[in-house]
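Novice: The file below is coords-v1.cif, mmCIF, C-alpha atoms:
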```
data_my_file
#
loop_
_atom_site.group_PDB
_atom_site.id
_atom_site.type_symbol
_atom_site.label_atom_id
_atom_site.label_comp_id
_atom_site.auth_asym_id
_atom_site.auth_seq_id
_atom_site.Cartn_x
_atom_site.Cartn_y
_atom_site.Cartn_z
ATOM 1 C CA MET L 1 11.439 2.642 11.873
ATOM 2 C CA SER L 2 13.635 1.267 9.086
ATOM 3 C CA LEU L 3 13.920 2.872 5.651
ATOM 4 C CA ALA L 4 13.283 0.596 2.653
ATOM 5 C CA SER L 5 15.828 0.952 -0.135
ATOM 6 C CA ASN L 6 13.171 0.383 -2.817
ATOM 7 C CA THR L 7 9.597 -0.845 -3.172
ATOM 8 C CA LEU L 8 10.600 -4.487 -3.575
ATOM 9 C CA ALA L 9 12.261 -4.317 -0.162
ATOM 10 C CA LEU L 10 8.742 -3.936 1.233
ATOM 11 C CA ILE L 11 8.021 -7.572 0.395
ATOM 12 C CA GLY L 12 8.355 -9.792 3.451
ATOM 13 C CA ASN L 13 9.192 -8.928 7.069
ATOM 14 C CA THR L 14 5.456 -8.852 7.787
ATOM 15 C CA PRO L 15 4.073 -8.533 11.329
ATOM 16 C CA LEU L 16 3.040 -11.518 13.417
ATOM 17 C CA VAL L 17 -0.038 -10.990 15.579
ATOM 18 C CA ARG L 18 -1.525 -13.029 18.419
ATOM 19 C CA LEU L 19 -5.124 -13.838 17.534
ATOM 20 C CA ARG L 20 -7.212 -13.451 20.684
ATOM 21 C CA GLY L 21 -10.364 -15.382 19.723
ATOM 22 C CA PRO L 22 -8.634 -18.415 18.212
ATOM 23 C CA SER L 23 -6.187 -18.505 21.133
ATOM 24 C CA GLU L 24 -9.023 -18.526 23.668
ATOM 25 C CA ALA L 25 -10.888 -21.210 21.713
ATOM 26 C CA ALA L 26 -7.839 -23.476 21.643
ATOM 27 C CA GLY L 27 -6.482 -22.764 25.103
ATOM 28 C CA ALA L 28 -3.202 -21.931 23.397
ATOM 29 C CA ASP L 29 -1.349 -19.095 21.679
ATOM 30 C CA ILE L 30 -2.204 -18.798 17.998
ATOM 31 C CA PHE L 31 -0.334 -16.317 15.830
ATOM 32 C CA GLY L 32 -1.145 -15.052 12.345
ATOM 33 C CA LYS L 33 1.505 -13.896 9.876
ATOM 34 C CA CYS L 34 0.033 -10.734 8.355
ATOM 35 C CA GLU L 35 0.782 -11.342 4.693
ATOM 36 C CA PHE L 36 -1.820 -8.759 3.662
ATOM 37 C CA ALA L 37 0.867 -6.225 4.685
ATOM 38 C CA ASN L 38 2.886 -7.015 1.541
ATOM 39 C CA PRO L 39 2.693 -4.442 -1.302
ATOM 40 C CA GLY L 40 0.389 -6.710 -3.307
ATOM 41 C CA ALA L 41 -1.635 -7.486 -0.168
ATOM 42 C CA SER L 42 -0.920 -11.230 -0.197
ATOM 43 C CA VAL L 43 1.601 -13.930 0.674
ATOM 44 C CA LYS L 44 2.135 -14.517 -3.056
ATOM 45 C CA ASP L 45 4.351 -11.432 -3.321
ATOM 46 C CA ARG L 46 7.114 -13.543 -1.759
ATOM 47 C CA ALA L 47 6.898 -16.267 -4.407
ATOM 48 C CA ALA L 48 6.625 -13.679 -7.180
ATOM 49 C CA LEU L 49 9.834 -11.929 -6.157
ATOM 50 C CA GLY L 50 11.678 -15.215 -5.636
ATOM 51 C CA ILE L 51 10.621 -16.577 -9.030
ATOM 52 C CA VAL L 52 11.524 -13.394 -10.926
ATOM 53 C CA GLU L 53 14.924 -13.021 -9.282
ATOM 54 C CA ASP L 54 15.673 -16.706 -9.905
ATOM 55 C CA ALA L 55 14.794 -16.261 -13.610
ATOM 56 C CA GLU L 56 17.073 -13.233 -13.768
ATOM 57 C CA ALA L 57 19.935 -15.114 -12.120
ATOM 58 C CA ARG L 58 19.556 -17.971 -14.618
ATOM 59 C CA GLY L 59 19.532 -15.554 -17.543
ATOM 60 C CA ALA L 60 16.030 -16.675 -18.549
ATOM 61 C CA LEU L 61 14.560 -13.214 -17.982
ATOM 62 C CA ARG L 62 16.325 -10.266 -19.599
ATOM 63 C CA PRO L 63 15.655 -6.508 -19.739
ATOM 64 C CA GLY L 64 12.470 -5.785 -21.642
ATOM 65 C CA GLY L 65 11.231 -9.364 -21.192
ATOM 66 C CA THR L 66 7.776 -10.637 -20.336
ATOM 67 C CA ILE L 67 6.567 -12.660 -17.337
ATOM 68 C CA VAL L 68 3.716 -15.092 -18.070
ATOM 69 C CA GLU L 69 1.808 -16.986 -15.407
ATOM 70 C CA GLY L 70 -1.393 -18.927 -14.812
ATOM 71 C CA THR L 71 -2.848 -17.977 -11.457
ATOM 72 C CA ALA L 72 -5.982 -17.675 -9.350
ATOM 73 C CA GLY L 73 -5.048 -14.013 -8.998
ATOM 74 C CA ASN L 74 -2.731 -13.216 -6.102
ATOM 75 C CA THR L 75 0.471 -14.535 -7.680
ATOM 76 C CA GLY L 76 -0.400 -12.564 -10.794
ATOM 77 C CA ILE L 77 -0.798 -9.412 -8.732
ATOM 78 C CA GLY L 78 2.564 -10.050 -7.085
ATOM 79 C CA LEU L 79 4.222 -10.667 -10.445
ATOM 80 C CA ALA L 80 2.708 -7.500 -11.894
ATOM 81 C CA ILE L 81 4.050 -5.450 -8.988
ATOM 82 C CA VAL L 82 7.510 -7.025 -9.227
ATOM 83 C CA GLY L 83 7.437 -6.730 -13.018
ATOM 84 C CA ASN L 84 6.543 -3.051 -12.879
ATOM 85 C CA ALA L 85 9.342 -2.355 -10.402
ATOM 86 C CA LYS L 86 11.868 -4.180 -12.583
ATOM 87 C CA GLY L 87 10.637 -3.038 -15.993
ATOM 88 C CA TYR L 88 9.014 -6.238 -17.283
ATOM 89 C CA ARG L 89 5.699 -6.758 -19.043
ATOM 90 C CA THR L 90 3.297 -9.172 -17.323
ATOM 91 C CA VAL L 91 0.712 -11.462 -18.920
ATOM 92 C CA ILE L 92 -1.648 -13.292 -16.574
ATOM 93 C CA VAL L 93 -3.963 -16.207 -17.449
ATOM 94 C CA MET L 94 -6.697 -16.575 -14.845
ATOM 95 C CA PRO L 95 -9.912 -18.606 -14.475
ATOM 96 C CA GLU L 96 -12.949 -16.420 -15.049
ATOM 97 C CA THR L 97 -14.427 -17.738 -11.778
ATOM 98 C CA GLN L 98 -12.121 -15.609 -9.618
ATOM 99 C CA SER L 99 -13.265 -12.456 -7.851
ATOM 100 C CA PRO L 100 -13.819 -9.276 -9.912
ATOM 101 C CA GLU L 101 -11.565 -7.419 -7.454
ATOM 102 C CA LYS L 102 -8.588 -9.517 -8.543
ATOM 103 C CA MET L 103 -9.343 -8.840 -12.205
ATOM 104 C CA HIS L 104 -9.693 -5.097 -11.638
ATOM 105 C CA THR L 105 -6.462 -5.039 -9.624
ATOM 106 C CA LEU L 106 -4.476 -6.832 -12.327
ATOM 107 C CA ARG L 107 -5.744 -4.479 -15.012
ATOM 108 C CA ALA L 108 -5.019 -1.443 -12.823
ATOM 109 C CA LEU L 109 -1.455 -2.689 -12.418
ATOM 110 C CA GLY L 110 -1.066 -2.790 -16.209
ATOM 111 C CA ALA L 111 -0.964 -6.563 -16.584
ATOM 112 C CA GLU L 112 -2.449 -8.118 -19.707
ATOM 113 C CA LEU L 113 -5.235 -10.320 -18.352
ATOM 114 C CA VAL L 114 -6.381 -13.410 -20.227
ATOM 115 C CA LEU L 115 -9.553 -14.924 -18.720
ATOM 116 C CA VAL L 116 -10.323 -18.578 -19.439
ATOM 117 C CA PRO L 117 -13.121 -20.967 -18.375
ATOM 118 C CA ALA L 118 -12.392 -23.063 -15.305
ATOM 119 C CA ALA L 119 -11.157 -26.553 -16.238
ATOM 120 C CA PRO L 120 -9.585 -29.524 -14.407
ATOM 121 C CA TYR L 121 -5.804 -29.826 -14.405
ATOM 122 C CA SER L 122 -6.115 -32.910 -16.637
ATOM 123 C CA SER L 123 -7.588 -30.726 -19.385
ATOM 124 C CA PRO L 124 -5.348 -28.879 -21.877
ATOM 125 C CA CYS L 125 -7.666 -25.913 -21.259
ATOM 126 C CA HIS L 126 -6.588 -25.589 -17.611
ATOM 127 C CA PHE L 127 -5.235 -22.096 -16.954
ATOM 128 C CA VAL L 128 -1.754 -23.398 -16.086
ATOM 129 C CA HIS L 129 -1.378 -25.247 -19.386
ATOM 130 C CA GLN L 130 -2.728 -22.307 -21.343
ATOM 131 C CA SER L 131 -0.227 -19.956 -19.710
ATOM 132 C CA ARG L 132 2.663 -22.314 -20.491
ATOM 133 C CA ARG L 133 1.712 -22.495 -24.189
ATOM 134 C CA LEU L 134 1.326 -18.735 -24.310
ATOM 135 C CA ALA L 135 4.832 -18.228 -22.909
ATOM 136 C CA GLU L 136 6.325 -20.755 -25.338
ATOM 137 C CA ASP L 137 4.923 -18.799 -28.284
ATOM 138 C CA MET L 138 5.986 -15.378 -27.018
ATOM 139 C CA PRO L 139 9.534 -14.099 -27.805
ATOM 140 C CA GLY L 140 11.435 -12.900 -24.743
ATOM 141 C CA ALA L 141 8.910 -14.407 -22.326
ATOM 142 C CA VAL L 142 9.503 -16.575 -19.284
ATOM 143 C CA TRP L 143 6.851 -18.830 -17.774
ATOM 144 C CA SER L 144 7.034 -18.398 -14.018
ATOM 145 C CA ASP L 145 5.503 -21.853 -13.337
ATOM 146 C CA GLN L 146 4.605 -21.123 -9.714
ATOM 147 C CA PHE L 147 3.343 -24.660 -9.010
ATOM 148 C CA ASP L 148 6.509 -26.532 -9.978
ATOM 149 C CA ASN L 149 9.197 -23.851 -9.798
ATOM 150 C CA ILE L 150 10.853 -24.445 -6.424
ATOM 151 C CA ALA L 151 12.133 -20.864 -6.332
ATOM 152 C CA ASN L 152 8.645 -20.414 -4.859
ATOM 153 C CA ARG L 153 9.237 -22.536 -1.774
ATOM 154 C CA ARG L 154 12.843 -21.317 -1.392
ATOM 155 C CA ALA L 155 11.417 -17.847 -0.796
ATOM 156 C CA HIS L 156 9.551 -19.273 2.200
ATOM 157 C CA VAL L 157 12.481 -21.336 3.494
ATOM 158 C CA THR L 158 14.777 -18.312 3.577
ATOM 159 C CA GLY L 159 12.136 -15.657 4.261
ATOM 160 C CA THR L 160 8.834 -16.600 5.888
ATOM 161 C CA ALA L 161 10.179 -19.432 8.066
ATOM 162 C CA GLU L 162 13.114 -17.389 9.337
ATOM 163 C CA GLU L 163 10.834 -14.465 10.164
ATOM 164 C CA ILE L 164 8.419 -16.678 12.110
ATOM 165 C CA TRP L 165 11.260 -18.347 14.012
ATOM 166 C CA THR L 166 12.753 -14.962 14.957
ATOM 167 C CA GLN L 167 9.427 -13.327 15.819
ATOM 168 C CA MET L 168 8.453 -16.246 18.056
ATOM 169 C CA GLU L 169 11.943 -16.334 19.591
ATOM 170 C CA GLY L 170 12.276 -19.984 18.648
ATOM 171 C CA ARG L 171 9.297 -20.949 20.853
ATOM 172 C CA ILE L 172 6.962 -22.561 18.353
ATOM 173 C CA ASP L 173 5.238 -25.917 18.586
ATOM 174 C CA GLY L 174 3.320 -26.035 15.310
ATOM 175 C CA PHE L 175 2.621 -24.427 11.967
ATOM 176 C CA THR L 176 -0.225 -24.989 9.537
ATOM 177 C CA CYS L 177 -1.701 -23.585 6.352
ATOM 178 C CA ALA L 178 -3.600 -24.678 3.273
ATOM 179 C CA VAL L 179 -1.967 -25.556 -0.038
ATOM 180 C CA GLY L 180 -2.289 -23.971 -3.447
ATOM 181 C CA THR L 181 1.113 -24.432 -5.046
ATOM 182 C CA GLY L 182 2.543 -25.960 -1.869
ATOM 183 C CA GLY L 183 5.311 -23.387 -1.668
ATOM 184 C CA THR L 184 4.265 -21.807 1.624
ATOM 185 C CA LEU L 185 3.566 -24.992 3.600
ATOM 186 C CA ALA L 186 6.605 -26.843 2.287
ATOM 187 C CA GLY L 187 8.962 -23.871 2.537
ATOM 188 C CA VAL L 188 7.936 -22.819 6.029
ATOM 189 C CA GLY L 189 7.897 -26.444 7.152
ATOM 190 C CA LEU L 190 11.396 -27.110 5.867
ATOM 191 C CA GLY L 191 12.690 -23.849 7.315
ATOM 192 C CA LEU L 192 11.218 -24.371 10.778
ATOM 193 C CA LYS L 193 12.303 -27.997 11.003
ATOM 194 C CA ALA L 194 15.854 -26.949 10.112
ATOM 195 C CA HIS L 195 15.764 -25.090 13.432
ATOM 196 C CA ASP L 196 13.798 -27.684 15.433
ATOM 197 C CA GLU L 197 12.604 -31.054 14.140
ATOM 198 C CA ARG L 198 9.996 -31.151 16.902
ATOM 199 C CA VAL L 199 7.876 -28.402 15.307
ATOM 200 C CA THR L 200 4.680 -30.061 14.026
ATOM 201 C CA ILE L 201 3.779 -29.154 10.447
ATOM 202 C CA ALA L 202 0.127 -29.654 9.509
ATOM 203 C CA LEU L 203 -1.872 -29.368 6.308
ATOM 204 C CA SER L 204 -5.225 -27.565 6.508
ATOM 205 C CA ASP L 205 -7.063 -28.767 3.419
ATOM 206 C CA PRO L 206 -10.398 -27.468 2.114
ATOM 207 C CA HIS L 207 -13.090 -29.784 0.838
ATOM 208 C CA GLY L 208 -12.695 -30.491 -2.869
ATOM 209 C CA ALA L 209 -8.927 -30.913 -2.559
ATOM 210 C CA ALA L 210 -7.144 -34.259 -2.609
ATOM 211 C CA LEU L 211 -4.222 -33.735 -0.248
ATOM 212 C CA TYR L 212 -5.984 -34.553 3.015
ATOM 213 C CA ARG L 213 -6.577 -38.110 1.820
ATOM 214 C CA TYR L 214 -3.062 -38.309 0.385
ATOM 215 C CA TYR L 215 -1.352 -37.500 3.688
ATOM 216 C CA ALA L 216 -3.891 -39.469 5.723
ATOM 217 C CA CYS L 217 -3.852 -42.690 3.713
ATOM 218 C CA GLY L 218 -1.665 -42.280 0.622
ATOM 219 C CA GLU L 219 -4.498 -41.788 -1.854
ATOM 220 C CA LEU L 220 -5.024 -38.672 -3.982
ATOM 221 C CA ALA L 221 -8.809 -38.376 -3.747
ATOM 222 C CA SER L 222 -11.157 -35.463 -3.178
ATOM 223 C CA GLU L 223 -14.531 -35.147 -1.496
ATOM 224 C CA GLY L 224 -16.979 -32.247 -1.577
ATOM 225 C CA SER L 225 -16.194 -28.745 -2.795
ATOM 226 C CA SER L 226 -15.086 -25.313 -1.594
ATOM 227 C CA VAL L 227 -15.566 -21.724 -2.719
ATOM 228 C CA ALA L 228 -12.135 -20.706 -1.408
ATOM 229 C CA GLU L 229 -9.958 -19.123 -4.088
ATOM 230 C CA GLY L 230 -6.302 -19.980 -4.629
ATOM 231 C CA ILE L 231 -6.125 -23.073 -2.419
ATOM 232 C CA GLY L 232 -6.927 -26.747 -2.910
ATOM 233 C CA GLN L 233 -4.694 -29.098 -4.860
ATOM 234 C CA GLY L 234 -5.196 -32.435 -6.589
ATOM 235 C CA ARG L 235 -1.563 -33.403 -7.233
ATOM 236 C CA ILE L 236 1.869 -33.346 -5.630
ATOM 237 C CA THR L 237 3.575 -30.320 -7.149
ATOM 238 C CA ALA L 238 7.347 -29.948 -7.226
ATOM 239 C CA ASN L 239 7.036 -27.357 -4.468
ATOM 240 C CA LEU L 240 5.104 -29.802 -2.295
ATOM 241 C CA ASP L 241 7.346 -32.782 -3.010
ATOM 242 C CA GLY L 242 9.227 -33.726 0.150
ATOM 243 C CA ALA L 243 7.260 -31.348 2.377
ATOM 244 C CA PRO L 244 7.649 -32.398 6.037
ATOM 245 C CA ILE L 245 3.937 -32.756 6.821
ATOM 246 C CA ASP L 246 3.254 -34.478 10.133
ATOM 247 C CA THR L 247 -0.536 -34.342 10.281
ATOM 248 C CA GLN L 248 -3.547 -33.055 8.367
ATOM 249 C CA PHE L 249 -6.976 -31.500 8.891
ATOM 250 C CA ARG L 250 -9.937 -31.099 6.568
ATOM 251 C CA ILE L 251 -11.675 -27.751 6.970
ATOM 252 C CA GLY L 252 -15.119 -26.894 5.617
ATOM 253 C CA ASP L 253 -16.071 -23.502 4.193
ATOM 254 C CA ALA L 254 -18.575 -22.816 6.988
ATOM 255 C CA GLU L 255 -15.902 -23.383 9.651
ATOM 256 C CA GLY L 256 -13.443 -21.173 7.792
ATOM 257 C CA TRP L 257 -16.050 -18.454 7.256
ATOM 258 C CA GLY L 258 -16.895 -18.588 10.958
ATOM 259 C CA TRP L 259 -13.354 -17.516 11.796
ATOM 260 C CA VAL L 260 -13.280 -14.864 9.057
ATOM 261 C CA LYS L 261 -16.462 -13.386 10.560
ATOM 262 C CA ARG L 262 -15.209 -13.534 14.133
ATOM 263 C CA LEU L 263 -11.827 -12.019 13.308
ATOM 264 C CA LEU L 264 -13.545 -9.163 11.481
ATOM 265 C CA GLU L 265 -16.137 -8.460 14.169
ATOM 266 C CA GLU L 266 -13.993 -9.091 17.251
ATOM 267 C CA GLU L 267 -10.449 -8.169 16.197
ATOM 268 C CA GLY L 268 -10.818 -5.828 13.219
ATOM 269 C CA LEU L 269 -9.100 -8.084 10.696
ATOM 270 C CA CYS L 270 -10.702 -8.262 7.243
ATOM 271 C CA LEU L 271 -9.516 -11.484 5.602
ATOM 272 C CA GLY L 272 -10.350 -13.955 2.843
ATOM 273 C CA LEU L 273 -11.654 -17.499 3.205
ATOM 274 C CA SER L 274 -8.217 -19.113 2.816
ATOM 275 C CA SER L 275 -7.122 -17.234 5.944
ATOM 276 C CA GLY L 276 -10.205 -18.454 7.786
ATOM 277 C CA ILE L 277 -9.429 -22.040 6.813
ATOM 278 C CA ASN L 278 -5.845 -21.560 8.000
ATOM 279 C CA VAL L 279 -7.004 -20.192 11.350
ATOM 280 C CA ALA L 280 -9.476 -23.050 11.778
ATOM 281 C CA GLY L 281 -6.615 -25.467 11.115
ATOM 282 C CA ALA L 282 -4.415 -23.650 13.632
ATOM 283 C CA VAL L 283 -7.106 -24.007 16.303
ATOM 284 C CA ARG L 284 -7.373 -27.740 15.614
ATOM 285 C CA LEU L 285 -3.594 -28.163 15.632
ATOM 286 C CA ALA L 286 -3.233 -26.282 18.913
ATOM 287 C CA GLN L 287 -5.982 -28.396 20.480
ATOM 288 C CA ALA L 288 -4.148 -31.534 19.351
ATOM 289 C CA LEU L 289 -0.834 -30.287 20.714
ATOM 290 C CA GLY L 290 -2.346 -29.367 24.066
ATOM 291 C CA ARG L 291 -3.028 -26.353 26.250
ATOM 292 C CA GLY L 292 -0.345 -23.719 26.233
ATOM 293 C CA SER L 293 1.050 -24.704 22.845
ATOM 294 C CA ARG L 294 2.208 -22.033 20.381
ATOM 295 C CA VAL L 295 1.023 -22.320 16.781
ATOM 296 C CA ALA L 296 1.517 -20.030 13.780
ATOM 297 C CA THR L 297 -0.407 -19.769 10.527
ATOM 298 C CA ILE L 298 -0.686 -17.538 7.468
ATOM 299 C CA LEU L 299 -3.188 -14.712 7.039
ATOM 300 C CA CYS L 300 -2.952 -14.992 3.272
ATOM 301 C CA ASP L 301 -4.516 -11.826 1.898
ATOM 302 C CA THR L 302 -6.918 -8.985 2.501
ATOM 303 C CA GLY L 303 -10.662 -9.489 2.602
ATOM 304 C CA PHE L 304 -11.028 -6.313 0.528
ATOM 305 C CA ARG L 305 -10.202 -8.558 -2.423
ATOM 306 C CA TYR L 306 -13.511 -10.417 -1.879
ATOM 307 C CA LEU L 307 -16.043 -7.656 -1.254
ATOM 308 C CA SER L 308 -18.267 -8.810 -4.118
ATOM 309 C CA THR L 309 -17.953 -12.489 -3.172
ATOM 310 C CA LEU L 310 -17.227 -13.775 0.347
ATOM 311 C CA HIS L 311 -18.114 -10.507 2.093
ATOM 312 C CA ASP L 312 -21.383 -10.070 0.196
ATOM 313 C CA PRO L 313 -24.371 -11.578 2.096
ATOM 314 C CA ALA L 314 -26.286 -12.449 -1.080
ATOM 315 C CA TRP L 315 -23.258 -14.257 -2.542
ATOM 316 C CA ARG L 316 -22.819 -16.284 0.663
ATOM 317 C CA ALA L 317 -26.513 -17.129 0.856
ATOM 318 C CA ALA L 318 -26.463 -18.455 -2.708
ATOM 319 C CA ARG L 319 -23.682 -20.835 -1.694
ATOM 320 C CA GLY L 320 -25.139 -21.973 1.576
ATOM 321 C CA LEU L 321 -22.738 -20.095 3.843
ATOM 322 C CA PRO L 322 -24.103 -18.654 7.102
ATOM 323 C CA ALA L 323 -24.950 -14.969 7.363
#
```
Can the structure in the file be given as C-alpha cells, please?

Specialist:
Amino acid sequence: MSLASNTLALIGNTPLVRLRGPSEAAGADIFGKCEFANPGASVKDRAALGIVEDAEARGALRPGGTIVEGTAGNTGIGLAIVGNAKGYRTVIVMPETQSPEKMHTLRALGAELVLVPAAPYSSPCHFVHQSRRLAEDMPGAVWSDQFDNIANRRAHVTGTAEEIWTQMEGRIDGFTCAVGTGGTLAGVGLGLKAHDERVTIALSDPHGAALYRYYACGELASEGSSVAEGIGQGRITANLDGAPIDTQFRIGDAEGWGWVKRLLEEEGLCLGLSSGINVAGAVRLAQALGRGSRVATILCDTGFRYLSTLHDPAWRAARGLPA
C-alpha cells in the first residue's frame, strides 16, 4: 500500500469496481468509479482541489484568504476540506432545499454556511449569484465559480480520465454521467477521447434539466422534474462548452432509484440518486453499444449523505418514489 504525503494527496486515485447487476442487465461490463472514497466522500473533491490550486497559482488566493462558493453541497464540502488543509476560511452559499446531512457536514467542517431559498438561475437570488456578490464584498476572498471556472474540468482531464483509462487498460467503449457544472462529463470525455476518439461519451440527464433536448435537437428546454441533488442544468456552462458528447439519455427518478436500491441490496453499495441515474445511463449506453461492451460511469457520493431524504421511506413516498 502506498503512503500519502498529506491529506490532500488522498483526493483522486479512487477504485473502479465492476457492477454485477448493471452488467448482467446490459449484457456488458459496467464499471463504477468510486468517488465516495475521496476524503469529502464525493467526486467534487477533485474540482475543489483543482480550483483552489489554480487560484493559488494565479495569485488570487493568498495565505489567510477566504474561499466563497455557491453549491448544492458536495463542492462546498470539498472546498471546506481543502481550505482546512491549506489554512483558508470557507463560506458556502447553499439552497435550503438540500439534505440536512450536507448542512451538518459543512458546519462540522467549520465552514460558514449561508442558506438561501431555491431560485431559478435567471433570478438574482439564485445561490450562485448570491455567492458571487458575497465574494466581491469580502476582502481577501476568492469566488471559486465552479460552474464556469474550467479549472474544474481540467481536474477531470488530468485526473479522473487518466485513472479510468489506466484502470481499464485502455479497453473502454463508453463513458456517461449526469451534469451539474459539466466539469466531470466534459473533462472525462475530453481526456478519454485524447486517448481514443472512438470512446462514446453520453449525457445522462434527469428530468427537469434542459441538456437532453439541447444535445438531441439543439434546444435548451426542460420537461418534468427531479429530486436528485447537485445535477441538472439549464445552460451551457464554461465547463460544458465544447464537451465531446456523442449521445444522450433522459433518466427518470424512479429508474435511478431502482438502481440505487438494487446496488444497496445486492452489492452493498450505499449511493445517492445521482449515482443511480448515472448507472441507469450506463446500462442504456452499454445496451446501445452492444453485448460485451465496456462502459464506465461515476458513483458520485455516499448515500449516507441522504439518510433523511432518499433513503427514508416516508420521504420517498411523499415524492412518489417506489418503496

Novice: Compile the contact shell of segment 306-312 of chain L as a list in words: residues with an atom at most 7 Å away, counting only C-alpha atoms, same-chain residues fewer than 4 positions apart removed.

Specialist: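 In the requested form, the answer reads Ser99, Glu101, Gly272 and Arg316 of chain L.
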
Novice: Compare L:Val157, L:Ala108, L:Leu289, L:Met168 by their minimum atom-to-atom distance to Pro15 of chain L, counting all atoms listed in the file, and give me the closest one.

Specialist: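 Looking at the shortest contact to Pro15 of chain L, the residue is L:Met168.
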
Novice: I need the output of the PyMOL selection byres ((chain L and resi 39-49) around 7) for this file as a ChimeraX atom specification; which residues are they?

Specialist: /L:10-12,35-38,50-53,74-75,77-79,81-82,152,155,300-302

Novice: With C-alpha atoms retained, could you export that selection as a short mmCIF file (atom, residue, chain, number, x, y, z; two decimals), in the frame of the given file?

Specialist:
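Saved the output as part_15.cif:
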```
data_model
loop_
_atom_site.label_atom_id
_atom_site.label_comp_id
_atom_site.auth_asym_id
_atom_site.auth_seq_id
_atom_site.Cartn_x
_atom_site.Cartn_y
_atom_site.Cartn_z
CA LEU L 10 8.74 -3.94 1.23
CA ILE L 11 8.02 -7.57 0.40
CA GLY L 12 8.36 -9.79 3.45
CA GLU L 35 0.78 -11.34 4.69
CA PHE L 36 -1.82 -8.76 3.66
CA ALA L 37 0.87 -6.22 4.68
CA ASN L 38 2.89 -7.02 1.54
CA GLY L 50 11.68 -15.22 -5.64
CA ILE L 51 10.62 -16.58 -9.03
CA VAL L 52 11.52 -13.39 -10.93
CA GLU L 53 14.92 -13.02 -9.28
CA ASN L 74 -2.73 -13.22 -6.10
CA THR L 75 0.47 -14.54 -7.68
CA ILE L 77 -0.80 -9.41 -8.73
CA GLY L 78 2.56 -10.05 -7.08
CA LEU L 79 4.22 -10.67 -10.44
CA ILE L 81 4.05 -5.45 -8.99
CA VAL L 82 7.51 -7.02 -9.23
CA ASN L 152 8.64 -20.41 -4.86
CA ALA L 155 11.42 -17.85 -0.80
CA CYS L 300 -2.95 -14.99 3.27
CA ASP L 301 -4.52 -11.83 1.90
CA THR L 302 -6.92 -8.98 2.50
#
```

Novice: Extract, using all atoms listed in the file, all DNA, RNA and protein residues at most 9 Å from Gln98 of chain L, discarding same-chain residues fewer than 6 positions from it, and format them as a compact mmCIF listing (two decimals) with C-alpha atoms, in the frame of the given file.

Specialist:
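Just written: out08.txt:
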```txt
# COMPACT_ATOMS: atom_id res chain seq x y z
CA ALA L 72 -5.98 -17.68 -9.35
CA GLY L 73 -5.05 -14.01 -9.00
CA GLU L 229 -9.96 -19.12 -4.09
CA GLY L 230 -6.30 -19.98 -4.63
```

Novice: If you apply the PyMOL selection byres ((chain L and resi 292) around 6) to this file, what residues do you get, as an MDAnalysis selection string?

Specialist: chainID L and resid 28 291 293

Novice: Please indicate the distance in Å from atom CA of Arg284 of chain L to atom CA of Lys33 of chain L, rounded to one decimal place.

Specialist: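 These two atoms are separated by 17.4 Å.
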
Novice: List as a list in words the protein and nucleic acid residues near Leu263 of chain L, meaning an atom at most 9 Å away when all atoms listed in the file are counted, but skip any in the same chain fewer than 3 places from it.

Specialist: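 My list of contacting residues is Leu19, Arg20, Gly21, Pro22, Gly258, Trp259, Val260, Glu266, Glu267, Gly268, Leu269, Cys270, Leu271 and Gly276 of chain L.
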
Novice: Expressed in Å to a single decimal, how great is the separation between atom CA of Phe304 of chain L and atom CA of Ser2 of chain L?

Specialist: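 Rounded to one decimal, the two atoms are 27.2 Å apart.
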
Novice: With a distance cut-off of 10 Å and all atoms listed in the file, select the neighbouring residues of Glu96 of chain L, excluding the residue or stretch itself and same-chain residues fewer than 3 positions from it, and output the selection as a compact mmCIF listing (two decimals) with C-alpha atoms, in the frame of the given file.

Specialist:
```txt
# COMPACT_ATOMS: atom_id res chain seq x y z
CA ALA L 72 -5.98 -17.68 -9.35
CA VAL L 93 -3.96 -16.21 -17.45
CA SER L 99 -13.26 -12.46 -7.85
CA PRO L 100 -13.82 -9.28 -9.91
CA MET L 103 -9.34 -8.84 -12.20
CA VAL L 114 -6.38 -13.41 -20.23
CA LEU L 115 -9.55 -14.92 -18.72
CA VAL L 116 -10.32 -18.58 -19.44
CA PRO L 117 -13.12 -20.97 -18.38
CA ALA L 118 -12.39 -23.06 -15.30
CA PHE L 127 -5.24 -22.10 -16.95
```

Novice: Between L:Glu223, L:Thr200, L:Val179, L:Ile30, which residue has the minimum interatomic distance to Ile236 of chain L, considering only C-alpha atoms?

Specialist: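 Closest to Ile236 of chain L of all the choices is L:Val179.
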
Novice: Taking the file above as input, evaluate the PyMOL selection byres ((chain L and resi 297) around 9) and report the hits as a list in words.

Specialist: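 This file, filtered by the PyMOL selection byres ((chain L and resi 297) around 9), leaves Ile30, Phe31, Gly32, Lys33, Gly174, Phe175, Thr176, Cys177, Ser275, Asn278, Val279, Gly281, Ala282, Val295, Ala296, Ile298 and Leu299 of chain L.
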
Novice: Using all atoms listed in the file, determine which residues lie at most 7 Å from Ala238 of chain L, disregarding the query and same-chain residues fewer than 3 positions distant; provide the list as a list in words.

Specialist: Phe147, Asp148, Asn149, Ile150 and Asp241 of chain L
